[in-house]
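See below for my_file-v1.cif, which holds mmCIF, C-alpha atoms, pLDDT in the B column; chains and numbers go by the auth columns.
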```cif
data_entry
loop_
_atom_site.group_PDB
_atom_site.id
_atom_site.type_symbol
_atom_site.label_atom_id
_atom_site.label_comp_id
_atom_site.label_asym_id
_atom_site.label_seq_id
_atom_site.Cartn_x
_atom_site.Cartn_y
_atom_site.Cartn_z
_atom_site.B_iso_or_equiv
_atom_site.auth_seq_id
_atom_site.auth_asym_id
ATOM 1 C CA MET A 1 -26.379 10.588 5.986 44.00 1 E
ATOM 2 C CA VAL A 2 -22.815 9.483 6.679 64.00 2 E
ATOM 3 C CA GLY A 3 -20.214 11.571 4.885 83.00 3 E
ATOM 4 C CA LYS A 4 -17.271 10.388 2.862 92.00 4 E
ATOM 5 C CA PRO A 5 -14.181 9.142 4.696 96.00 5 E
ATOM 6 C CA ARG A 6 -11.677 11.962 5.147 96.00 6 E
ATOM 7 C CA LEU A 7 -8.005 11.094 4.818 97.00 7 E
ATOM 8 C CA HIS A 8 -5.309 13.151 6.537 97.00 8 E
ATOM 9 C CA TYR A 9 -1.809 12.763 5.109 95.00 9 E
ATOM 10 C CA PHE A 10 0.744 14.582 2.990 91.00 10 E
ATOM 11 C CA ASP A 11 0.220 14.852 -0.768 89.00 11 E
ATOM 12 C CA GLY A 12 2.339 11.857 -1.693 86.00 12 E
ATOM 13 C CA ARG A 13 2.808 8.158 -1.284 85.00 13 E
ATOM 14 C CA GLY A 14 3.635 6.495 1.979 88.00 14 E
ATOM 15 C CA ARG A 15 1.557 4.641 4.536 91.00 15 E
ATOM 16 C CA MET A 16 -1.690 6.075 3.180 92.00 16 E
ATOM 17 C CA GLU A 17 -1.132 4.427 -0.209 91.00 17 E
ATOM 18 C CA SER A 18 -2.608 1.060 0.778 93.00 18 E
ATOM 19 C CA ILE A 19 -5.619 2.831 2.271 95.00 19 E
ATOM 20 C CA TRP A 20 -6.242 4.652 -1.023 93.00 20 E
ATOM 21 C CA TRP A 21 -5.980 1.333 -2.887 92.00 21 E
ATOM 22 C CA LEU A 22 -8.370 -0.461 -0.544 94.00 22 E
ATOM 23 C CA LEU A 23 -10.993 2.285 -0.680 94.00 23 E
ATOM 24 C CA ALA A 24 -10.668 2.435 -4.470 91.00 24 E
ATOM 25 C CA ALA A 25 -11.130 -1.330 -4.786 91.00 25 E
ATOM 26 C CA ALA A 26 -14.221 -1.097 -2.575 91.00 26 E
ATOM 27 C CA GLY A 27 -15.604 1.696 -4.756 90.00 27 E
ATOM 28 C CA VAL A 28 -15.662 4.168 -1.864 92.00 28 E
ATOM 29 C CA GLU A 29 -15.291 7.867 -2.606 90.00 29 E
ATOM 30 C CA PHE A 30 -13.213 9.827 -0.106 92.00 30 E
ATOM 31 C CA GLU A 31 -11.924 13.298 0.651 93.00 31 E
ATOM 32 C CA GLU A 32 -8.313 14.251 1.285 93.00 32 E
ATOM 33 C CA LYS A 33 -6.997 16.857 3.702 95.00 33 E
ATOM 34 C CA PHE A 34 -3.346 17.356 2.930 94.00 34 E
ATOM 35 C CA ILE A 35 -0.725 18.134 5.534 94.00 35 E
ATOM 36 C CA GLU A 36 1.401 20.748 3.801 93.00 36 E
ATOM 37 C CA THR A 37 3.479 22.250 6.602 93.00 37 E
ATOM 38 C CA PRO A 38 4.903 21.255 9.993 93.00 38 E
ATOM 39 C CA GLU A 39 2.253 23.540 11.476 95.00 39 E
ATOM 40 C CA ASP A 40 -0.540 21.501 9.884 95.00 40 E
ATOM 41 C CA LEU A 41 0.817 18.369 11.535 95.00 41 E
ATOM 42 C CA GLU A 42 1.253 20.110 14.867 95.00 42 E
ATOM 43 C CA LYS A 43 -2.345 21.345 14.758 95.00 43 E
ATOM 44 C CA LEU A 44 -3.638 17.786 14.397 96.00 44 E
ATOM 45 C CA ARG A 45 -1.432 16.709 17.287 96.00 45 E
ATOM 46 C CA ASN A 46 -2.563 19.553 19.521 96.00 46 E
ATOM 47 C CA ASP A 47 -6.290 19.143 18.908 95.00 47 E
ATOM 48 C CA GLY A 48 -6.177 15.488 19.949 94.00 48 E
ATOM 49 C CA SER A 49 -6.862 14.016 16.524 95.00 49 E
ATOM 50 C CA LEU A 50 -3.726 11.847 16.526 96.00 50 E
ATOM 51 C CA MET A 51 -3.750 9.349 19.394 96.00 51 E
ATOM 52 C CA PHE A 52 -0.101 8.462 18.857 96.00 52 E
ATOM 53 C CA GLN A 53 0.958 11.800 17.380 94.00 53 E
ATOM 54 C CA GLN A 54 1.391 10.418 13.872 94.00 54 E
ATOM 55 C CA VAL A 55 -0.382 9.992 10.551 96.00 55 E
ATOM 56 C CA PRO A 56 -2.097 8.572 8.541 96.00 56 E
ATOM 57 C CA MET A 57 -5.424 9.401 10.144 97.00 57 E
ATOM 58 C CA VAL A 58 -8.810 8.608 8.645 98.00 58 E
ATOM 59 C CA GLU A 59 -12.119 10.083 9.764 97.00 59 E
ATOM 60 C CA ILE A 60 -14.737 7.433 9.102 97.00 60 E
ATOM 61 C CA ASP A 61 -18.066 6.470 10.686 97.00 61 E
ATOM 62 C CA GLY A 62 -17.662 9.048 13.451 95.00 62 E
ATOM 63 C CA MET A 63 -14.161 7.865 14.385 97.00 63 E
ATOM 64 C CA LYS A 64 -10.692 9.285 13.944 97.00 64 E
ATOM 65 C CA LEU A 65 -8.710 6.154 13.212 98.00 65 E
ATOM 66 C CA VAL A 66 -4.927 6.034 13.331 97.00 66 E
ATOM 67 C CA GLN A 67 -2.414 3.210 12.902 96.00 67 E
ATOM 68 C CA THR A 68 -2.322 1.965 9.321 96.00 68 E
ATOM 69 C CA ARG A 69 -3.134 -1.667 10.006 95.00 69 E
ATOM 70 C CA ALA A 70 -6.146 -0.793 12.173 97.00 70 E
ATOM 71 C CA ILE A 71 -7.475 1.493 9.435 98.00 71 E
ATOM 72 C CA LEU A 72 -6.973 -1.141 6.749 97.00 72 E
ATOM 73 C CA ASN A 73 -8.603 -3.887 8.803 97.00 73 E
ATOM 74 C CA TYR A 74 -11.646 -1.716 9.506 98.00 74 E
ATOM 75 C CA ILE A 75 -12.087 -0.834 5.836 97.00 75 E
ATOM 76 C CA ALA A 76 -11.541 -4.444 4.748 97.00 76 E
ATOM 77 C CA THR A 77 -14.127 -5.701 7.256 97.00 77 E
ATOM 78 C CA LYS A 78 -16.660 -2.981 6.415 97.00 78 E
ATOM 79 C CA TYR A 79 -16.482 -3.666 2.678 96.00 79 E
ATOM 80 C CA ASN A 80 -16.248 -7.475 2.766 96.00 80 E
ATOM 81 C CA LEU A 81 -12.581 -7.736 1.805 96.00 81 E
ATOM 82 C CA TYR A 82 -11.505 -9.682 4.883 97.00 82 E
ATOM 83 C CA GLY A 83 -12.602 -13.272 4.338 96.00 83 E
ATOM 84 C CA ARG A 84 -15.662 -15.236 5.428 96.00 84 E
ATOM 85 C CA ASP A 85 -14.349 -16.820 8.637 97.00 85 E
ATOM 86 C CA ILE A 86 -11.488 -16.791 11.110 97.00 86 E
ATOM 87 C CA LYS A 87 -9.321 -19.171 9.048 97.00 87 E
ATOM 88 C CA GLU A 88 -9.621 -17.056 5.922 97.00 88 E
ATOM 89 C CA ARG A 89 -8.816 -13.930 7.925 97.00 89 E
ATOM 90 C CA ALA A 90 -5.708 -15.606 9.333 98.00 90 E
ATOM 91 C CA LEU A 91 -4.488 -16.435 5.820 97.00 91 E
ATOM 92 C CA ILE A 92 -5.303 -12.945 4.572 97.00 92 E
ATOM 93 C CA ASP A 93 -3.342 -11.436 7.467 97.00 93 E
ATOM 94 C CA MET A 94 -0.397 -13.773 6.853 97.00 94 E
ATOM 95 C CA TYR A 95 -0.195 -12.870 3.170 97.00 95 E
ATOM 96 C CA ALA A 96 -0.724 -9.169 3.871 96.00 96 E
ATOM 97 C CA GLU A 97 2.124 -9.134 6.370 96.00 97 E
ATOM 98 C CA GLY A 98 4.378 -10.857 3.843 95.00 98 E
ATOM 99 C CA VAL A 99 3.591 -8.080 1.381 95.00 99 E
ATOM 100 C CA GLU A 100 4.247 -5.547 4.140 95.00 100 E
ATOM 101 C CA ASP A 101 7.766 -6.902 4.729 95.00 101 E
ATOM 102 C CA LEU A 102 8.840 -6.101 1.176 94.00 102 E
ATOM 103 C CA TYR A 103 6.687 -2.971 0.980 92.00 103 E
ATOM 104 C CA GLU A 104 8.529 -1.505 3.989 93.00 104 E
ATOM 105 C CA MET A 105 11.865 -1.940 2.239 93.00 105 E
ATOM 106 C CA ILE A 106 10.585 -0.149 -0.864 91.00 106 E
ATOM 107 C CA LEU A 107 8.820 2.535 1.191 88.00 107 E
ATOM 108 C CA HIS A 108 12.036 3.538 2.938 88.00 108 E
ATOM 109 C CA PHE A 109 14.220 3.393 -0.175 88.00 109 E
ATOM 110 C CA PRO A 110 13.794 7.117 -1.095 85.00 110 E
ATOM 111 C CA LEU A 111 15.089 8.052 2.376 86.00 111 E
ATOM 112 C CA CYS A 112 18.148 5.832 2.096 87.00 112 E
ATOM 113 C CA PRO A 113 21.515 7.693 2.156 89.00 113 E
ATOM 114 C CA PRO A 114 23.001 7.929 -1.356 90.00 114 E
ATOM 115 C CA ASP A 115 26.014 5.795 -0.454 93.00 115 E
ATOM 116 C CA GLN A 116 23.711 2.964 0.638 94.00 116 E
ATOM 117 C CA LYS A 117 21.219 2.992 -2.249 91.00 117 E
ATOM 118 C CA ASP A 118 23.017 0.417 -4.419 93.00 118 E
ATOM 119 C CA ASP A 119 23.214 -2.112 -1.586 95.00 119 E
ATOM 120 C CA LYS A 120 19.603 -1.422 -0.628 93.00 120 E
ATOM 121 C CA MET A 121 18.397 -1.905 -4.197 91.00 121 E
ATOM 122 C CA THR A 122 20.338 -5.154 -4.495 92.00 122 E
ATOM 123 C CA LEU A 123 18.681 -6.446 -1.321 94.00 123 E
ATOM 124 C CA ILE A 124 15.212 -5.409 -2.506 92.00 124 E
ATOM 125 C CA LYS A 125 15.734 -7.224 -5.815 89.00 125 E
ATOM 126 C CA GLU A 126 17.031 -10.330 -4.088 90.00 126 E
ATOM 127 C CA ARG A 127 14.118 -10.488 -1.639 92.00 127 E
ATOM 128 C CA THR A 128 11.601 -9.762 -4.409 89.00 128 E
ATOM 129 C CA THR A 129 12.787 -12.518 -6.710 84.00 129 E
ATOM 130 C CA SER A 130 13.910 -15.217 -4.278 86.00 130 E
ATOM 131 C CA ARG A 131 11.547 -14.855 -1.336 91.00 131 E
ATOM 132 C CA TYR A 132 8.314 -12.920 -1.699 90.00 132 E
ATOM 133 C CA LEU A 133 6.992 -13.210 -5.258 86.00 133 E
ATOM 134 C CA PRO A 134 7.773 -16.947 -5.532 85.00 134 E
ATOM 135 C CA ALA A 135 5.911 -17.505 -2.242 89.00 135 E
ATOM 136 C CA PHE A 136 2.760 -15.829 -3.549 88.00 136 E
ATOM 137 C CA GLU A 137 3.091 -17.658 -6.833 84.00 137 E
ATOM 138 C CA ARG A 138 3.105 -20.960 -4.943 86.00 138 E
ATOM 139 C CA VAL A 139 -0.084 -19.987 -3.098 89.00 139 E
ATOM 140 C CA LEU A 140 -1.935 -19.229 -6.328 86.00 140 E
ATOM 141 C CA LYS A 141 -0.678 -22.395 -7.991 83.00 141 E
ATOM 142 C CA SER A 142 -1.550 -24.551 -4.974 88.00 142 E
ATOM 143 C CA HIS A 143 -5.291 -24.008 -5.339 88.00 143 E
ATOM 144 C CA GLY A 144 -5.598 -22.838 -8.956 83.00 144 E
ATOM 145 C CA GLN A 145 -8.108 -20.131 -8.050 85.00 145 E
ATOM 146 C CA ASP A 146 -8.273 -16.532 -9.175 83.00 146 E
ATOM 147 C CA TYR A 147 -7.549 -14.959 -5.782 89.00 147 E
ATOM 148 C CA LEU A 148 -5.260 -15.701 -2.850 92.00 148 E
ATOM 149 C CA VAL A 149 -7.925 -16.708 -0.311 95.00 149 E
ATOM 150 C CA GLY A 150 -11.365 -18.276 -0.724 93.00 150 E
ATOM 151 C CA ASN A 151 -11.559 -17.540 -4.468 90.00 151 E
ATOM 152 C CA ARG A 152 -12.820 -14.029 -3.763 92.00 152 E
ATOM 153 C CA LEU A 153 -11.225 -10.598 -3.684 92.00 153 E
ATOM 154 C CA SER A 154 -9.622 -9.683 -0.355 95.00 154 E
ATOM 155 C CA LYS A 155 -7.299 -7.044 0.991 95.00 155 E
ATOM 156 C CA ALA A 156 -4.399 -9.470 0.476 95.00 156 E
ATOM 157 C CA ASP A 157 -4.942 -9.450 -3.303 93.00 157 E
ATOM 158 C CA ILE A 158 -5.118 -5.667 -3.365 93.00 158 E
ATOM 159 C CA TYR A 159 -1.947 -5.306 -1.281 92.00 159 E
ATOM 160 C CA LEU A 160 -0.113 -7.709 -3.557 90.00 160 E
ATOM 161 C CA VAL A 161 -1.139 -5.937 -6.756 89.00 161 E
ATOM 162 C CA GLU A 162 -0.146 -2.595 -5.224 90.00 162 E
ATOM 163 C CA LEU A 163 3.249 -4.144 -4.440 89.00 163 E
ATOM 164 C CA LEU A 164 3.657 -5.388 -8.017 85.00 164 E
ATOM 165 C CA TYR A 165 3.129 -1.854 -9.299 86.00 165 E
ATOM 166 C CA TYR A 166 5.730 -0.602 -6.841 87.00 166 E
ATOM 167 C CA VAL A 167 8.265 -3.212 -7.950 85.00 167 E
ATOM 168 C CA GLU A 168 7.750 -2.353 -11.611 84.00 168 E
ATOM 169 C CA GLU A 169 8.198 1.356 -10.907 85.00 169 E
ATOM 170 C CA LEU A 170 11.310 0.750 -8.859 81.00 170 E
ATOM 171 C CA ASP A 171 12.982 -1.132 -11.695 80.00 171 E
ATOM 172 C CA PRO A 172 10.930 -1.844 -14.870 74.00 172 E
ATOM 173 C CA SER A 173 13.548 -4.335 -16.031 72.00 173 E
ATOM 174 C CA LEU A 174 13.550 -6.295 -12.776 66.00 174 E
ATOM 175 C CA LEU A 175 11.529 -9.285 -13.958 59.00 175 E
ATOM 176 C CA ALA A 176 13.195 -9.335 -17.375 61.00 176 E
ATOM 177 C CA LYS A 177 16.552 -9.881 -15.691 55.00 177 E
ATOM 178 C CA PHE A 178 15.344 -13.107 -14.130 49.00 178 E
ATOM 179 C CA PRO A 179 14.131 -15.406 -16.920 51.00 179 E
ATOM 180 C CA LEU A 180 13.628 -18.363 -14.584 45.00 180 E
ATOM 181 C CA LEU A 181 11.427 -16.298 -12.306 45.00 181 E
ATOM 182 C CA LYS A 182 9.547 -14.779 -15.233 53.00 182 E
ATOM 183 C CA ALA A 183 8.411 -18.252 -16.222 50.00 183 E
ATOM 184 C CA VAL A 184 6.621 -18.751 -12.907 45.00 184 E
ATOM 185 C CA LEU A 185 4.989 -15.324 -12.655 58.00 185 E
ATOM 186 C CA CYS A 186 2.017 -16.007 -14.905 68.00 186 E
ATOM 187 C CA ALA A 187 -0.463 -16.334 -12.047 67.00 187 E
ATOM 188 C CA LEU A 188 0.737 -13.135 -10.368 69.00 188 E
ATOM 189 C CA GLN A 189 0.525 -11.208 -13.630 75.00 189 E
ATOM 190 C CA ALA A 190 -2.957 -12.614 -14.227 79.00 190 E
ATOM 191 C CA LEU A 191 -3.991 -11.474 -10.737 76.00 191 E
ATOM 192 C CA LYS A 192 -2.533 -8.014 -11.397 81.00 192 E
ATOM 193 C CA THR A 193 -4.425 -7.738 -14.679 85.00 193 E
ATOM 194 C CA ARG A 194 -7.672 -9.011 -13.166 84.00 194 E
ATOM 195 C CA ILE A 195 -7.651 -6.533 -10.271 85.00 195 E
ATOM 196 C CA SER A 196 -6.362 -3.633 -12.383 86.00 196 E
ATOM 197 C CA ASN A 197 -9.352 -4.108 -14.684 88.00 197 E
ATOM 198 C CA LEU A 198 -11.932 -3.915 -11.899 85.00 198 E
ATOM 199 C CA PRO A 199 -13.867 -0.723 -12.775 88.00 199 E
ATOM 200 C CA THR A 200 -13.136 0.971 -9.443 82.00 200 E
ATOM 201 C CA VAL A 201 -9.421 0.124 -9.522 86.00 201 E
ATOM 202 C CA LYS A 202 -9.103 0.987 -13.208 88.00 202 E
ATOM 203 C CA LYS A 203 -10.495 4.428 -12.403 87.00 203 E
ATOM 204 C CA PHE A 204 -7.986 4.787 -9.541 83.00 204 E
ATOM 205 C CA LEU A 205 -5.085 4.021 -11.898 85.00 205 E
ATOM 206 C CA GLN A 206 -6.087 6.657 -14.456 85.00 206 E
ATOM 207 C CA PRO A 207 -4.225 9.995 -14.687 79.00 207 E
ATOM 208 C CA GLY A 208 -5.837 12.622 -12.478 76.00 208 E
ATOM 209 C CA SER A 209 -7.013 10.101 -9.878 79.00 209 E
ATOM 210 C CA PRO A 210 -6.083 10.349 -6.166 76.00 210 E
ATOM 211 C CA ARG A 211 -3.166 7.957 -6.753 78.00 211 E
ATOM 212 C CA LYS A 212 0.094 9.759 -6.125 76.00 212 E
ATOM 213 C CA PRO A 213 3.340 9.674 -8.143 76.00 213 E
ATOM 214 C CA PRO A 214 6.531 8.195 -6.663 74.00 214 E
ATOM 215 C CA LEU A 215 8.003 10.083 -3.725 69.00 215 E
ATOM 216 C CA GLU A 216 11.058 11.852 -5.108 71.00 216 E
ATOM 217 C CA GLY A 217 12.593 15.227 -5.882 71.00 217 E
ATOM 218 C CA LYS A 218 10.759 18.299 -4.601 76.00 218 E
ATOM 219 C CA ARG A 219 7.901 16.231 -3.163 74.00 219 E
ATOM 220 C CA LEU A 220 10.363 14.172 -1.098 79.00 220 E
ATOM 221 C CA GLU A 221 12.027 17.320 0.249 83.00 221 E
ATOM 222 C CA GLU A 222 8.629 18.738 1.257 83.00 222 E
ATOM 223 C CA VAL A 223 7.793 15.566 3.177 81.00 223 E
ATOM 224 C CA LYS A 224 11.165 15.649 4.962 82.00 224 E
ATOM 225 C CA LYS A 225 10.447 19.225 6.040 85.00 225 E
ATOM 226 C CA ILE A 226 6.947 18.393 7.344 87.00 226 E
ATOM 227 C CA PHE A 227 8.212 15.486 9.462 83.00 227 E
ATOM 228 C CA ASN A 228 11.594 17.014 10.308 80.00 228 E
ATOM 229 C CA ILE A 229 13.516 14.208 8.639 80.00 229 E
ATOM 230 C CA LYS A 230 17.196 15.028 8.262 70.00 230 E
#
```

Rewritten as C-alpha cells:
Amino acid sequence: MVGKPRLHYFDGRGRMESIWWLLAAAGVEFEEKFIETPEDLEKLRNDGSLMFQQVPMVEIDGMKLVQTRAILNYIATKYNLYGRDIKERALIDMYAEGVEDLYEMILHFPLCPPDQKDDKMTLIKERTTSRYLPAFERVLKSHGQDYLVGNRLSKADIYLVELLYYVEELDPSLLAKFPLLKAVLCALQALKTRISNLPTVKKFLQPGSPRKPPLEGKRLEEVKKIFNIK
C-alpha cells in the first residue's frame, strides 16, 4: 500500500502553499515534516534528498520531487486536474503562469525592506486591478462556463482561488477601492465561492487544517534564520 505524500518545508506559507491547496482540492491526505532549524535543512541537503539544494520537497510514489512546478504538474496529472488534451494543458499552464506572476510579488512582500513596502504594495495593487484579475475575468466571460478551462476543475482554477485569498488578506479593502473593477468581478467571486465550497477545500480552509497563517512576525524571523536571509 502506497503511503501518504510527505511534504518537507518550514511551518509557514511560501512555495509549498500551492501544493497544499492542490492536494486538498484532490482530497489527498498528506503528512508534513517541518524544517525547524538550519541543521534540518542541511541534513536534507547532505543526504541527497534535495537535487538542487532547496525546498519544497515532496515524497510521493517512491520519488523525492523538488522544484515547485514539477511537483504541481505531477499532482495535477495524477489527480485529473490538468486538462483532457494538449490544448487544454497549454491553456491551464498559461493561466497558471499568469497567476504565478502576481503570486511571486505577494510572496516576496514580507521580505521587502520597510522603506520599499509602500511602493511595492502600490505596484501589487496596480497589477492586481489593471492586469491580472481583469484578464481572468475576460476568460470566464468569454465562454460563460464555471471553470477556466474545459468546464471542469483544473489546477488553474485552484491557483486562481488561492491568489484571491492572498489578495484579500493583503488588503481586505482592495476591491472596495475600485468600484469599476468590482462590477466586473462577479465571475471570479463565483469561482472562488464554488471552489471554496468543495468539501475537500472547505475542510482545508477550516481552523486547525494544514493551511498556514500569513508569514509575519516571529514566524517570518524563524524562516529567515533557517534560510540565512538577512

Q: Tell me which residues the PyMOL selection byres ((chain E and resi 38-46) around 10) grabs here, as a PyMOL selection string.
A: chain E and resi 8-10+34-37+47-55+57+222-228

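Of the residues under consideration (E:Ser142, E:Glu216, E:Phe136, E:Ala76), E:Phe136 shows the shortest atom-to-atom contact distance to Leu191 in chain E when counting all atoms listed in the file.
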
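Shortest separation to Met94 in chain E among E:Leu170, E:Ile19, E:Ala156, E:Ile195 occurs at residue E:Ala156, atoms counted being only C-alpha atoms.
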
Q. What residues come out when you apply the PyMOL selection byres ((chain E and resi 115-124) around 10) to this file, written as a list in words?
A. Leu102, Tyr103, Met105, Ile106, His108, Phe109, Pro110, Leu111, Cys112, Pro113, Pro114, Lys125, Glu126, Arg127, Thr128, Thr129, Val167, Leu170 and Asp171 of chain E

Q.
Please enumerate the residues selected by the PyMOL selection byres ((chain E and resi 26) around 9) when evaluated against the supplied file, formatted as a list in words.
A. Trp21, Leu22, Leu23, Ala24, Ala25, Gly27, Val28, Ile75, Ala76, Tyr79, Asn80, Leu81, Thr200 and Val201 of chain E

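For the choices E:Gly98, E:Pro213, E:Gly62, E:Gly144, the atom-to-atom distance to Lys4 in chain E is smallest for E:Gly62 when using only C-alpha atoms.
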
Q. Looking at all atoms listed in the file, which of E:Leu133, E:Val149, E:Arg138, E:Lys33 is the one that sits closest to Gly12 in chain E?
A. E:Lys33

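Between CA of Tyr74 in chain E and CA of Ile60 in chain E there is a distance of 9.7 Å.
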
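Here the question is which of E:Asn197, E:Pro56, E:Lys87, E:Tyr82 gets nearest to Arg13 in chain E using only C-alpha atoms, and that residue is E:Pro56.
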
Q: Could you please determine the separation between CA of Leu205 in chain E and CA of Lys64 in chain E in Å, to one decimal place?
A: 27.0 Å

Output file: range 26-34 of chain E, all heavy atoms, as a compact mmCIF listing (two decimals), in the first residue's frame:
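Listing of out-v1.txt after writing:
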```txt
# COMPACT_ATOMS: atom_id res chain seq x y z
N ALA E 26 -7.77 17.87 -4.38
CA ALA E 26 -7.85 16.50 -4.88
C ALA E 26 -8.32 15.52 -3.80
O ALA E 26 -8.55 14.34 -4.10
CB ALA E 26 -6.49 16.05 -5.41
N GLY E 27 -8.46 16.00 -2.57
CA GLY E 27 -8.90 15.13 -1.49
C GLY E 27 -7.83 14.17 -1.01
O GLY E 27 -8.15 13.08 -0.51
N VAL E 28 -6.57 14.56 -1.16
CA VAL E 28 -5.45 13.69 -0.80
C VAL E 28 -4.92 14.06 0.59
O VAL E 28 -4.54 15.22 0.83
CB VAL E 28 -4.31 13.81 -1.83
CG1 VAL E 28 -3.13 12.92 -1.44
CG2 VAL E 28 -4.82 13.44 -3.22
N GLU E 29 -4.89 13.11 1.49
CA GLU E 29 -4.29 13.34 2.79
C GLU E 29 -2.77 13.27 2.67
O GLU E 29 -2.23 12.52 1.87
CB GLU E 29 -4.77 12.29 3.80
CG GLU E 29 -6.26 12.39 4.12
CD GLU E 29 -6.68 11.41 5.20
OE1 GLU E 29 -5.82 10.61 5.66
OE2 GLU E 29 -7.85 11.43 5.60
N PHE E 30 -2.08 14.08 3.48
CA PHE E 30 -0.63 14.11 3.40
C PHE E 30 -0.03 14.32 4.78
O PHE E 30 -0.71 14.72 5.72
CB PHE E 30 -0.16 15.22 2.45
CG PHE E 30 -0.73 16.59 2.75
CD1 PHE E 30 -0.12 17.43 3.68
CD2 PHE E 30 -1.88 17.04 2.11
CE1 PHE E 30 -0.63 18.68 3.95
CE2 PHE E 30 -2.40 18.30 2.38
CZ PHE E 30 -1.78 19.12 3.31
N GLU E 31 1.25 14.03 4.89
CA GLU E 31 1.99 14.26 6.12
C GLU E 31 2.97 15.42 5.90
O GLU E 31 3.41 15.65 4.78
CB GLU E 31 2.78 13.00 6.51
CG GLU E 31 1.90 11.79 6.78
CD GLU E 31 2.73 10.53 7.03
OE1 GLU E 31 3.96 10.58 6.82
OE2 GLU E 31 2.13 9.50 7.41
N GLU E 32 3.29 16.11 6.99
CA GLU E 32 4.23 17.21 6.90
C GLU E 32 5.43 16.96 7.80
O GLU E 32 5.28 16.55 8.95
CB GLU E 32 3.56 18.52 7.31
CG GLU E 32 2.42 18.92 6.40
CD GLU E 32 1.77 20.23 6.82
OE1 GLU E 32 0.94 20.20 7.74
OE2 GLU E 32 2.13 21.27 6.24
N LYS E 33 6.61 17.21 7.28
CA LYS E 33 7.84 17.14 8.05
C LYS E 33 8.45 18.54 8.02
O LYS E 33 8.98 18.98 6.99
CB LYS E 33 8.81 16.12 7.43
CG LYS E 33 10.15 16.03 8.13
CD LYS E 33 10.03 15.51 9.55
CE LYS E 33 11.40 15.30 10.17
NZ LYS E 33 11.32 14.88 11.59
N PHE E 34 8.34 19.24 9.14
CA PHE E 34 8.74 20.63 9.15
C PHE E 34 10.25 20.80 9.31
O PHE E 34 10.90 20.09 10.09
CB PHE E 34 8.03 21.38 10.28
CG PHE E 34 6.55 21.48 10.10
CD1 PHE E 34 5.68 21.09 11.11
CD2 PHE E 34 6.01 21.96 8.92
CE1 PHE E 34 4.31 21.18 10.95
CE2 PHE E 34 4.64 22.06 8.74
CZ PHE E 34 3.78 21.66 9.76
```
